[in-house]
>>> print(open('work24.tsv').read())   # TSV, C-alpha atoms
chain	number	residue	atom	x	y	z
A	156	MET	CA	-37.76	-65.38	-32.09
A	157	SER	CA	-37.64	-68.81	-30.55
A	158	TYR	CA	-37.06	-67.19	-27.16
A	159	ALA	CA	-40.20	-65.15	-27.52
A	160	LEU	CA	-42.09	-68.33	-28.31
A	161	VAL	CA	-40.92	-70.01	-25.17
A	162	ARG	CA	-41.59	-67.07	-22.93
A	163	ALA	CA	-44.99	-65.98	-24.15
A	164	ARG	CA	-47.59	-68.57	-23.24
A	165	GLN	CA	-49.96	-67.44	-25.95
A	166	LEU	CA	-49.46	-65.80	-29.30
A	167	ASP	CA	-51.80	-63.34	-30.92
A	168	LEU	CA	-52.96	-63.84	-34.49
A	169	ASP	CA	-50.16	-61.88	-36.13
A	170	GLN	CA	-47.43	-63.48	-34.04
A	171	PHE	CA	-48.83	-66.92	-34.63
A	172	ALA	CA	-49.23	-66.37	-38.37
A	173	ALA	CA	-45.65	-65.11	-38.58
A	174	ALA	CA	-44.38	-68.13	-36.67
A	175	ALA	CA	-46.33	-70.45	-38.97
A	176	GLY	CA	-45.17	-68.56	-42.05
A	177	LEU	CA	-48.74	-68.04	-43.24
A	178	HIS	CA	-51.03	-65.09	-43.83
A	179	PRO	CA	-53.08	-64.11	-40.76
A	180	GLU	CA	-56.23	-64.29	-42.86
A	181	LEU	CA	-55.57	-67.95	-43.64
A	182	ILE	CA	-55.06	-68.69	-39.94
A	183	ARG	CA	-58.35	-66.91	-39.21
A	184	ARG	CA	-60.03	-69.12	-41.81
A	185	PHE	CA	-58.60	-72.27	-40.20
A	186	VAL	CA	-60.17	-71.18	-36.93
A	187	ALA	CA	-63.49	-70.33	-38.59
A	188	LEU	CA	-63.53	-73.76	-40.23
A	189	GLY	CA	-62.92	-75.41	-36.88
A	190	ILE	CA	-59.72	-77.17	-37.89
A	191	LEU	CA	-57.49	-75.08	-35.60
A	192	ASP	CA	-58.24	-74.35	-31.95
A	193	ALA	CA	-57.84	-70.83	-30.63
A	194	ASP	CA	-58.92	-68.92	-27.56
A	195	ARG	CA	-60.95	-65.77	-27.99
A	196	ASP	CA	-60.52	-62.98	-25.44
A	197	PRO	CA	-63.41	-60.67	-24.44
A	198	GLY	CA	-62.30	-58.23	-27.13
A	199	GLY	CA	-62.75	-60.93	-29.77
A	200	ARG	CA	-59.05	-61.30	-30.47
A	201	LEU	CA	-57.65	-64.74	-31.19
A	202	TRP	CA	-54.90	-66.27	-29.06
A	203	PHE	CA	-52.90	-69.39	-29.83
A	204	ARG	CA	-50.73	-71.74	-27.86
A	205	PRO	CA	-47.31	-72.25	-29.45
A	206	THR	CA	-47.99	-76.00	-29.62
A	207	GLN	CA	-50.69	-75.22	-32.19
A	208	LEU	CA	-47.91	-74.60	-34.71
A	209	ALA	CA	-47.60	-78.38	-35.03
A	210	ALA	CA	-51.32	-78.55	-35.82
A	211	VAL	CA	-50.88	-75.98	-38.58
A	212	ALA	CA	-47.95	-77.95	-39.99
A	213	ARG	CA	-50.11	-81.06	-40.05
A	214	ILE	CA	-52.87	-79.21	-41.90
A	215	GLN	CA	-50.32	-78.07	-44.46
A	216	ARG	CA	-48.83	-81.53	-44.90
A	217	LEU	CA	-52.23	-83.18	-45.29
A	218	ARG	CA	-53.30	-80.59	-47.82
A	219	ALA	CA	-50.08	-80.96	-49.78
A	220	GLY	CA	-49.97	-84.75	-49.59
A	221	PHE	CA	-53.58	-85.54	-50.43
A	222	ALA	CA	-54.94	-82.39	-52.03
A	223	LEU	CA	-57.66	-82.42	-49.35
A	224	ASN	CA	-60.08	-79.58	-48.94
A	225	TYR	CA	-60.36	-77.99	-45.52
A	226	ALA	CA	-63.55	-79.81	-44.55
A	227	ALA	CA	-61.87	-83.13	-45.26
A	228	ILE	CA	-58.78	-82.04	-43.33
A	229	GLY	CA	-61.00	-81.37	-40.33
A	230	LEU	CA	-62.37	-84.88	-40.55
A	231	VAL	CA	-58.94	-86.46	-41.02
A	232	THR	CA	-57.33	-84.59	-38.14
A	233	ASP	CA	-60.24	-85.47	-35.84
A	234	LEU	CA	-59.91	-89.13	-36.76
A	235	LEU	CA	-56.12	-89.10	-36.36
A	236	ASP	CA	-56.52	-87.54	-32.91
A	237	GLN	CA	-59.09	-90.13	-31.92
A	238	ILE	CA	-56.84	-92.95	-33.10
A	239	ALA	CA	-53.91	-91.48	-31.18
A	240	ALA	CA	-56.02	-91.31	-28.03
A	241	LEU	CA	-57.19	-94.91	-28.46
A	242	GLN	CA	-53.65	-96.12	-29.07
A	243	ALA	CA	-52.48	-94.31	-25.95
A	244	THR	CA	-55.20	-96.02	-23.91
A	245	LEU	CA	-54.27	-99.39	-25.38
A	246	ARG	CA	-50.64	-98.83	-24.51
A	247	THR	CA	-51.22	-97.92	-20.90
A	248	THR	CA	-53.85	-100.57	-20.19
A	249	GLY	CA	-51.52	-103.24	-21.55
A	250	GLY	CA	-53.69	-104.18	-24.49
A	251	ARG	CA	-50.84	-106.18	-25.88
A	252	GLU	CA	-51.30	-109.95	-25.61
A	253	ARG	CA	-48.64	-111.65	-23.64
B	184	MET	CA	-29.96	-89.43	-52.77
B	185	ALA	CA	-31.92	-92.38	-51.57
B	186	GLY	CA	-34.46	-92.06	-54.33
B	187	ALA	CA	-32.12	-91.14	-57.16
B	188	ASP	CA	-31.05	-94.65	-58.05
B	189	GLN	CA	-34.42	-96.25	-57.45
B	190	ASP	CA	-36.67	-97.39	-60.21
B	191	PHE	CA	-39.81	-95.24	-60.05
B	192	TYR	CA	-42.00	-98.05	-61.35
B	193	ARG	CA	-40.76	-100.37	-58.63
B	194	VAL	CA	-41.30	-97.67	-55.99
B	195	LEU	CA	-44.97	-97.50	-56.99
B	196	GLY	CA	-45.19	-101.24	-57.56
B	197	VAL	CA	-46.56	-100.98	-61.08
B	198	PRO	CA	-45.33	-102.57	-64.35
B	199	ARG	CA	-43.52	-100.40	-66.87
B	200	ASN	CA	-46.52	-100.47	-69.19
B	201	ALA	CA	-48.96	-99.39	-66.48
B	202	SER	CA	-51.68	-96.96	-67.52
B	203	GLN	CA	-51.81	-93.47	-66.03
B	204	ASP	CA	-54.85	-94.67	-64.08
B	205	GLU	CA	-52.93	-97.54	-62.52
B	206	ILE	CA	-50.08	-95.22	-61.60
B	207	GLN	CA	-52.45	-92.79	-59.95
B	208	ARG	CA	-54.20	-95.59	-58.04
B	209	ALA	CA	-50.90	-97.07	-56.81
B	210	TYR	CA	-49.68	-93.65	-55.73
B	211	ARG	CA	-52.85	-92.70	-53.86
B	212	LYS	CA	-52.84	-95.97	-51.97
B	213	LEU	CA	-49.16	-95.80	-51.01
B	214	ALA	CA	-49.42	-92.12	-50.11
B	215	ARG	CA	-52.28	-92.85	-47.71
B	216	GLU	CA	-50.26	-95.61	-46.06
B	217	ASN	CA	-47.05	-93.67	-45.69
B	218	HIS	CA	-48.05	-90.07	-45.13
B	219	PRO	CA	-46.03	-88.75	-42.15
B	220	ASP	CA	-49.18	-87.71	-40.32
B	221	VAL	CA	-50.75	-91.14	-40.70
B	222	ASN	CA	-47.78	-93.45	-40.33
B	223	LYS	CA	-45.58	-92.63	-37.35
B	224	ASP	CA	-42.81	-95.01	-38.36
B	225	PRO	CA	-39.66	-92.95	-39.04
B	226	ALA	CA	-38.99	-95.04	-42.17
B	227	ALA	CA	-42.37	-94.07	-43.63
B	228	GLU	CA	-41.19	-90.52	-44.23
B	229	GLU	CA	-38.53	-91.72	-46.63
B	230	ARG	CA	-40.97	-94.02	-48.38
B	231	PHE	CA	-43.44	-91.17	-48.74
B	232	LYS	CA	-40.79	-88.98	-50.30
B	233	ASP	CA	-39.78	-91.70	-52.76
B	234	ILE	CA	-43.40	-92.40	-53.66
B	235	SER	CA	-44.13	-88.72	-54.25
B	236	GLU	CA	-41.03	-88.27	-56.35
B	237	ALA	CA	-41.87	-91.31	-58.45
B	238	TYR	CA	-45.42	-90.06	-58.93
B	239	ASN	CA	-44.26	-86.56	-59.84
B	240	VAL	CA	-42.27	-88.03	-62.68
B	241	LEU	CA	-44.60	-90.79	-63.87
B	242	SER	CA	-47.88	-88.89	-63.60
B	243	ASP	CA	-46.89	-86.48	-66.34
B	244	PRO	CA	-46.87	-88.41	-69.66
B	245	GLN	CA	-44.14	-86.20	-71.06
B	246	THR	CA	-41.78	-86.57	-68.10
B	247	ARG	CA	-42.59	-90.25	-68.01
B	248	ARG	CA	-41.54	-90.65	-71.65
B	249	ARG	CA	-38.26	-88.94	-70.89
B	250	TYR	CA	-37.73	-91.12	-67.82
B	251	ASP	CA	-38.40	-94.24	-69.88
B	252	ALA	CA	-35.95	-93.08	-72.52
B	253	PHE	CA	-33.11	-91.76	-70.38
B	254	GLY	CA	-33.51	-93.47	-67.02
B	255	PRO	CA	-32.82	-91.87	-63.62
B	256	ASP	CA	-30.56	-89.20	-65.14
B	257	PHE	CA	-33.29	-87.87	-67.42
B	258	ARG	CA	-33.27	-84.46	-65.76
B	259	GLN	CA	-29.73	-83.85	-67.00
B	260	VAL	CA	-30.62	-84.58	-70.59
B	261	PRO	CA	-31.34	-81.47	-72.67
B	262	GLU	CA	-34.61	-81.32	-74.59
B	263	GLY	CA	-34.64	-82.92	-78.01
B	264	VAL	CA	-31.79	-85.39	-77.52
B	265	ASP	CA	-32.13	-88.77	-79.18
B	266	PRO	CA	-32.10	-91.59	-76.59
B	267	GLU	CA	-29.74	-93.76	-78.66
B	268	THR	CA	-27.20	-90.96	-79.03
B	269	TRP	CA	-27.41	-90.23	-75.32
B	270	ARG	CA	-26.80	-93.86	-74.38
B	271	ARG	CA	-23.75	-94.12	-76.59
B	272	ALA	CA	-22.36	-90.84	-75.27
B	273	ARG	CA	-22.84	-91.98	-71.66
B	274	ALA	CA	-21.15	-95.31	-72.26
B	275	GLY	CA	-18.15	-93.49	-73.67
B	276	ALA	CA	-17.97	-90.85	-70.98
B	277	GLY	CA	-16.91	-93.36	-68.32
B	278	ALA	CA	-15.07	-91.63	-65.48
B	279	GLY	CA	-16.62	-88.24	-66.08
B	280	ALA	CA	-20.15	-89.44	-65.40
B	281	GLY	CA	-19.89	-89.46	-61.63
B	282	ALA	CA	-18.74	-85.87	-61.35
B	283	ARG	CA	-21.41	-84.65	-63.71
B	284	ALA	CA	-24.15	-86.41	-61.78
B	285	GLY	CA	-23.03	-84.70	-58.61
B	286	SER	CA	-22.83	-81.16	-59.84
B	287	GLY	CA	-25.50	-81.31	-62.49
B	288	ALA	CA	-28.42	-82.45	-60.38
B	289	GLY	CA	-28.91	-79.21	-58.51
B	290	ALA	CA	-28.78	-76.96	-61.52
B	291	ALA	CA	-30.75	-79.11	-63.91
B	292	GLY	CA	-33.19	-80.43	-61.34
B	293	GLY	CA	-34.47	-77.05	-60.30
B	294	ARG	CA	-35.61	-75.49	-63.49
B	295	GLY	CA	-35.66	-78.17	-66.09
B	296	GLY	CA	-39.19	-77.33	-67.05
B	297	PHE	CA	-40.91	-80.40	-65.61
B	298	GLY	CA	-43.78	-79.58	-63.36
B	299	PRO	CA	-43.85	-76.90	-60.70
B	300	ASP	CA	-41.20	-76.41	-58.06
B	301	ILE	CA	-39.51	-79.76	-58.39
B	302	ASP	CA	-36.00	-79.77	-57.04
B	303	LEU	CA	-34.30	-83.12	-56.70
B	304	ASP	CA	-31.97	-81.88	-53.99
B	305	ASP	CA	-34.76	-80.58	-51.84
B	306	LEU	CA	-35.23	-83.28	-49.25
B	307	LEU	CA	-38.93	-82.71	-49.10
B	308	GLY	CA	-39.36	-81.97	-52.76
B	309	GLY	CA	-41.60	-84.99	-52.98
B	310	LEU	CA	-43.68	-83.82	-50.08
B	311	PHE	CA	-44.41	-80.32	-51.12
B	312	GLY	CA	-43.49	-80.15	-54.76
B	313	GLY	CA	-46.53	-81.91	-56.11
B	314	ARG	CA	-50.14	-81.08	-56.68
B	315	GLY	CA	-51.83	-78.74	-54.29
B	316	GLY	CA	-48.59	-78.01	-52.54
B	317	ARG	CA	-47.81	-74.72	-54.14
B	318	GLY	CA	-47.43	-71.64	-52.06
B	319	TRP	CA	-46.54	-73.21	-48.72
B	320	GLY	CA	-43.40	-71.87	-47.18
B	321	ALA	CA	-41.53	-73.64	-44.42
B	322	VAL	CA	-43.56	-76.41	-42.80
B	323	PRO	CA	-42.36	-78.03	-39.57
B	324	GLY	CA	-41.87	-81.80	-39.57
B	325	ALA	CA	-44.29	-84.39	-38.25
B	326	ASP	CA	-43.90	-86.22	-34.97
B	327	GLN	CA	-42.77	-89.81	-35.24
B	328	GLU	CA	-42.88	-92.87	-33.04
B	329	ALA	CA	-40.55	-95.79	-32.57
B	330	GLU	CA	-40.70	-98.69	-30.14
B	331	VAL	CA	-37.92	-99.66	-27.82
B	332	GLU	CA	-38.02	-102.98	-25.97
B	333	LEU	CA	-36.49	-103.20	-22.52
B	334	THR	CA	-36.02	-105.97	-20.02
B	335	VAL	CA	-37.50	-105.55	-16.57
B	336	GLU	CA	-33.97	-105.03	-15.27
B	337	ASP	CA	-33.34	-102.23	-17.79
B	338	ALA	CA	-36.55	-100.52	-16.73
B	339	TYR	CA	-35.53	-100.83	-13.09
B	340	HIS	CA	-31.99	-99.52	-13.39
B	341	GLY	CA	-32.31	-97.30	-16.46
B	342	THR	CA	-30.18	-97.95	-19.52
B	343	ARG	CA	-28.67	-96.50	-22.66
B	344	ARG	CA	-29.71	-97.39	-26.16
B	345	THR	CA	-28.34	-96.54	-29.58
B	346	LEU	CA	-31.16	-96.22	-32.07
B	347	THR	CA	-30.64	-96.36	-35.80
B	348	LEU	CA	-33.24	-94.39	-37.71
B	349	THR	CA	-33.83	-94.28	-41.42
B	350	SER	CA	-34.97	-90.98	-42.84
B	351	PRO	CA	-34.74	-89.15	-46.16
B	352	ALA	CA	-31.40	-87.74	-44.97
B	353	GLY	CA	-30.01	-91.26	-44.65
B	354	THR	CA	-29.57	-93.39	-41.57
B	355	ARG	CA	-28.46	-91.83	-38.35
B	356	SER	CA	-27.77	-93.13	-34.90
B	357	ILE	CA	-28.85	-91.44	-31.73
B	358	ASP	CA	-27.84	-92.31	-28.20
B	359	VAL	CA	-30.74	-92.31	-25.81
B	360	THR	CA	-30.58	-92.46	-22.05
B	361	ILE	CA	-33.61	-94.26	-20.69
B	362	PRO	CA	-34.25	-93.19	-17.11
B	363	ALA	CA	-34.84	-95.67	-14.31
B	364	GLY	CA	-38.47	-96.45	-13.64
B	365	VAL	CA	-40.09	-96.22	-17.07
B	366	THR	CA	-43.30	-98.21	-17.45
B	367	ASP	CA	-44.72	-100.30	-20.25
B	368	GLY	CA	-46.36	-98.07	-22.85
B	369	GLN	CA	-44.72	-94.88	-21.61
B	370	ARG	CA	-43.59	-92.40	-24.23
B	371	ILE	CA	-40.19	-90.75	-24.09
B	372	ARG	CA	-39.99	-87.55	-26.07
B	373	LEU	CA	-36.86	-86.81	-28.05
B	374	ALA	CA	-37.30	-83.20	-29.10
B	375	GLY	CA	-36.34	-82.41	-32.67
B	376	GLN	CA	-35.59	-86.03	-33.67
B	377	GLY	CA	-38.79	-86.56	-35.67
B	378	GLY	CA	-39.69	-85.86	-39.28
B	379	ARG	CA	-37.79	-83.05	-40.92
B	380	GLY	CA	-39.33	-79.73	-41.75
B	381	SER	CA	-39.19	-78.17	-45.19
B	382	ASP	CA	-37.22	-75.06	-46.04
B	383	GLY	CA	-35.42	-74.91	-42.72
B	384	ALA	CA	-38.54	-75.28	-40.56
B	385	PRO	CA	-37.94	-77.16	-37.32
B	386	PRO	CA	-38.24	-80.95	-37.29
B	387	GLY	CA	-40.93	-82.77	-35.33
B	388	ASP	CA	-40.32	-84.84	-32.22
B	389	LEU	CA	-39.58	-88.52	-31.97
B	390	TYR	CA	-41.50	-90.43	-29.33
B	391	LEU	CA	-39.98	-93.64	-28.07
B	392	ILE	CA	-42.63	-96.03	-26.87
B	393	VAL	CA	-41.33	-98.25	-24.14
B	394	ARG	CA	-42.15	-101.94	-24.35
B	395	ILE	CA	-41.12	-104.07	-21.44
B	396	ALA	CA	-40.40	-107.60	-22.57
B	397	PRO	CA	-42.14	-110.44	-20.75
B	398	HIS	CA	-39.92	-111.89	-18.05
B	399	ARG	CA	-39.75	-115.44	-16.76
B	400	GLY	CA	-39.72	-114.41	-13.13
B	401	TYR	CA	-41.85	-111.28	-12.96
B	402	ARG	CA	-45.11	-109.93	-14.17
B	403	LEU	CA	-45.41	-106.15	-14.32
B	404	GLU	CA	-48.48	-104.08	-13.64
B	405	GLY	CA	-47.50	-100.47	-14.00
B	406	ARG	CA	-44.67	-100.21	-11.50
B	407	ASP	CA	-45.82	-103.13	-9.37
B	408	LEU	CA	-43.90	-106.37	-9.69
B	409	HIS	CA	-45.69	-109.66	-9.23
B	410	VAL	CA	-43.78	-112.83	-8.50
B	411	GLU	CA	-44.91	-116.33	-7.80
B	412	LEU	CA	-43.95	-117.61	-4.38
B	413	ARG	CA	-43.70	-121.38	-4.40
B	414	LEU	CA	-44.08	-122.98	-0.99
B	415	SER	CA	-44.06	-126.49	0.35
B	416	PRO	CA	-47.13	-127.40	2.46
B	417	TRP	CA	-45.10	-127.34	5.67
B	418	GLU	CA	-43.50	-123.96	4.83
B	419	ALA	CA	-46.95	-122.56	4.19
B	420	ALA	CA	-48.37	-124.03	7.38
B	421	LEU	CA	-45.50	-123.24	9.71
B	422	GLY	CA	-44.22	-120.00	8.21
B	423	THR	CA	-40.72	-119.39	6.91
B	424	SER	CA	-38.33	-116.84	5.52
B	425	ILE	CA	-37.55	-116.99	1.80
B	426	ALA	CA	-35.17	-115.13	-0.50
B	427	VAL	CA	-37.08	-113.63	-3.44
B	428	ALA	CA	-35.25	-112.46	-6.57
B	429	THR	CA	-36.04	-108.87	-7.59
B	430	PRO	CA	-34.38	-106.69	-10.25
B	431	ALA	CA	-32.41	-105.08	-7.43
B	432	GLY	CA	-31.20	-108.42	-6.09
B	433	GLU	CA	-32.57	-110.84	-3.54
B	434	VAL	CA	-34.77	-109.69	-0.72
B	435	LYS	CA	-35.78	-111.67	2.35
B	436	LEU	CA	-39.47	-112.24	2.64
B	437	SER	CA	-40.99	-113.68	5.77
B	438	VAL	CA	-43.97	-115.90	5.08
B	439	PRO	CA	-46.36	-115.96	8.04
B	440	ALA	CA	-47.62	-119.26	9.37
B	441	GLY	CA	-50.94	-120.35	7.90
B	442	THR	CA	-50.42	-119.00	4.39
B	443	SER	CA	-52.70	-120.53	1.77
B	444	SER	CA	-52.31	-120.47	-2.03
B	445	GLY	CA	-53.38	-117.17	-3.54
B	446	ARG	CA	-52.38	-115.07	-0.55
B	447	ARG	CA	-50.45	-112.05	-1.68
B	448	LEU	CA	-47.57	-110.78	0.40
B	449	ARG	CA	-46.71	-107.20	-0.30
B	450	MET	CA	-43.34	-105.55	0.04
B	451	ARG	CA	-43.77	-101.85	-0.13
B	452	GLY	CA	-41.50	-99.93	-2.46
B	453	ARG	CA	-39.78	-103.03	-3.85
B	454	GLY	CA	-41.29	-102.62	-7.34
B	455	LEU	CA	-39.97	-100.36	-10.07
B	456	PRO	CA	-38.67	-96.97	-8.94
B	457	ASN	CA	-40.67	-93.87	-9.76
B	458	PRO	CA	-38.74	-90.74	-10.67
B	459	ARG	CA	-41.75	-88.65	-9.65
B	460	GLY	CA	-43.27	-90.20	-6.58
B	461	ARG	CA	-43.81	-93.47	-4.81
B	462	PRO	CA	-42.08	-96.53	-6.22
B	463	GLY	CA	-44.13	-99.60	-7.05
B	464	ASP	CA	-44.61	-102.55	-4.73
B	465	LEU	CA	-43.56	-106.15	-4.96
B	466	PHE	CA	-46.35	-108.68	-4.63
B	467	ALA	CA	-45.48	-112.30	-3.96
B	468	GLU	CA	-48.38	-114.67	-4.46
B	469	ALA	CA	-48.21	-117.88	-2.51
B	470	ARG	CA	-48.55	-121.10	-4.42
B	471	ILE	CA	-48.35	-124.34	-2.51
B	472	MET	CA	-46.62	-127.17	-4.32
B	473	VAL	CA	-46.60	-130.83	-3.32
B	474	PRO	CA	-44.08	-133.45	-4.39
B	475	ALA	CA	-45.42	-135.22	-7.47
B	476	THR	CA	-43.90	-138.50	-6.34
B	477	PRO	CA	-43.50	-138.45	-2.57
B	478	THR	CA	-40.94	-140.70	-0.95
B	479	GLU	CA	-42.07	-143.52	1.27
B	480	ALA	CA	-41.38	-141.43	4.36
B	481	GLU	CA	-43.22	-138.40	3.02
B	482	ARG	CA	-46.24	-140.47	2.07
B	483	GLU	CA	-46.31	-141.99	5.52
B	484	LEU	CA	-46.20	-138.58	7.19
B	485	PHE	CA	-48.90	-137.16	4.95
B	486	GLU	CA	-51.10	-140.17	5.75
B	487	ARG	CA	-50.60	-139.58	9.43
B	488	LEU	CA	-51.43	-135.94	9.00
B	489	ALA	CA	-54.57	-136.86	7.06
B	490	ALA	CA	-55.65	-139.18	9.86
B	491	VAL	CA	-55.01	-136.66	12.61
B	492	SER	CA	-56.10	-133.37	11.07
B	493	GLU	CA	-59.64	-132.05	11.24
B	494	PHE	CA	-58.93	-129.27	8.80
B	495	ASP	CA	-61.49	-129.10	5.99
B	496	PRO	CA	-60.49	-126.60	3.28
B	497	ARG	CA	-63.98	-126.79	1.71
B	498	ARG	CA	-65.93	-125.89	4.79
B	499	ARG	CA	-67.43	-122.42	4.51
B	500	ARG	CA	-67.24	-120.24	7.54
>>> encode(input="work24.tsv", output="structure tokens")
Amino acid sequence: MSYALVRARQLDLDQFAAAAGLHPELIRRFVALGILDADRDPGGRLWFRPTQLAAVARIQRLRAGFALNYAAIGLVTDLLDQIAALQATLRTTGGRER
Amino acid sequence: MAGADQDFYRVLGVPRNASQDEIQRAYRKLARENHPDVNKDPAAEERFKDISEAYNVLSDPQTRRRYDAFGPDFRQVPEGVDPETWRRARAGAGAGAGARAGSGAGAAGGRGGFGPDIDLDDLLGGLFGGRGGRGWGAVPGADQEAEVELTVEDAYHGTRRTLTLTSPAGTRSIDVTIPAGVTDGQRIRLAGQGGRGSDGAPPGDLYLIVRIAPHRGYRLEGRDLHVELRLSPWEAALGTSIAVATPAGEVKLSVPAGTSSGRRLRMRGRGLPNPRGRPGDLFAEARIMVPATPTEAERELFERLAAVSEFDPRRRR
């Protein structure tokens, strides 16, 4: 299982849902709600990078921890990502006073 | 474990007579501060678990009453027991109490009839046992961040560090090899050392953020090292060769004649090493110093120089 994850660069919906331990329909809803990124091939099938499993885990934790609805989760994850990007910029430009 | 002997009221920071509203408010606030996706500090995960566990117990008036009556061991107390009787029985039990606490928690904690899916022994019971958390299976852990401060020398040569991390599983130490040539703000990924997953899901990663401590002798810009090069007026005017201290030891630097303050002399590749590419450079910035109290002879020579020289540093060319 973990070998397949490493080798395949992208997972299809069923593989990804199995790896995340969730129903494929729920994963499809995450994508429709714009809180999970996926690539769509010309046939309309969804493909996921294995790193997206961490994004699904974060959605689950936020929902469990704060009882957020999915719209709010989208907002929170966007904000968290923006903060992470800002912090990374601060770190590398030496924003720390010395 | 960590949470078992803690007072739930103290965990939430509320008095024992707090209203359900106050308990809810304290919990929401603490949960926002310590949620593993918001707070990257490894210690926050444990706090979040304790907070959630405390709230799970105190938010339900019935469980709260039992907690107030029987204390931390309330889950082992059968329904309908009188608190006074229980206290007397416990005091008498003495040596047997420890063994019972160990074996009883798993059995009684799981299906004691308080709330959904609460299991004291489940490390992430607090995380996923509460409201809205039903139905999730295994959820991988969150990524965490910790800072590690290095000296310039450590960054140059690489070093080893032993980190002590606090998590719901207790404290653990990990040995980390920090490669030569890390820069300030760089992140080092330690796969699988982050927050733990639930139900056997994989843990997240731990990112070490490198901080390079300010150094008396050097200033760092990325991989470039900047040093101050103090020169006497005659060294600056006539040129000289000077030993400059670097993290790799002293290097000889030849100062050309006619060097003024502010001139930067560059020594290629003498900065911090780069595991993937060109190493940084060493920049020595000239700074001309004069004796604060010149001797009689020095003063005399400077006066002669002043009389003879036609050099005007303020003349624009």
>>> atom_distance(input="work24.tsv", atom1="CA of Ala467 (chain B)", atom2="CA of Ser443 (chain B)")
12.4 Å
>>> atom_distance(input="work24.tsv", atom1="CA of Ala374 (chain B)", atom2="CA of Arg394 (chain B)")
19.9 Å
>>> closest_residue(input="work24.tsv", among="A:Leu241, A:Leu217, A:Ile182, A:Leu201", to="chain B", atoms="only C-alpha atoms")
A:Leu217
>>> closest_residue(input="work24.tsv", among="B:Arg459, B:Arg343, B:His398, B:Lys435", to="chain A", atoms="all atoms listed in the file")
B:His398
>>> atom_distance(input="work24.tsv", atom1="CA of Arg344 (chain B)", atom2="CA of Val359 (chain B)")
5.2 Å
>>> residues_around(input="work24.tsv", residues="Ser424 (chain B)", least_positions_apart="3", cutoff="9 Å", atoms="only C-alpha atoms", output="NGL selection string")
:B and (418 or 435-439)
>>> residues_around(input="work24.tsv", residues="region 463-465 of chain B", least_positions_apart="6", cutoff="6 Å", atoms="only C-alpha atoms", output="list of chain:residue names")
B:Arg406, B:Asp407, B:Leu408, B:His409, B:Arg449, B:Met450, B:Arg451, B:Gly452, B:Arg453, B:Gly454, B:Leu455
>>> interface_residues(input="work24.tsv", of="chain A", to="chain B", cutoff="8 Å", atoms="only C-alpha atoms", output="number ranges by chain")
A: 175-177, 209, 212-213, 215-222, 235, 243, 246-247, 249, 253
>>> residues_around(input="work24.tsv", residues="Gly229 (chain A)", least_positions_apart="5", cutoff="10 Å", atoms="all atoms listed in the file", output="JSON, numbers by chain")
{"A": [185, 188, 189, 190, 191, 214, 223, 224, 234, 235]}
>>> residues_around(input="work24.tsv", residues="region 191-195 of chain B", least_positions_apart="2", cutoff="7 Å", atoms="only C-alpha atoms", output="ChimeraX atom specification")
/B:189,197-199,209-210,233-234,237
>>> closest_residue(input="work24.tsv", among="B:Glu328, B:Glu486, B:Glu479, B:Glu336", to="Tyr390 (chain B)", atoms="all atoms listed in the file")
B:Glu328
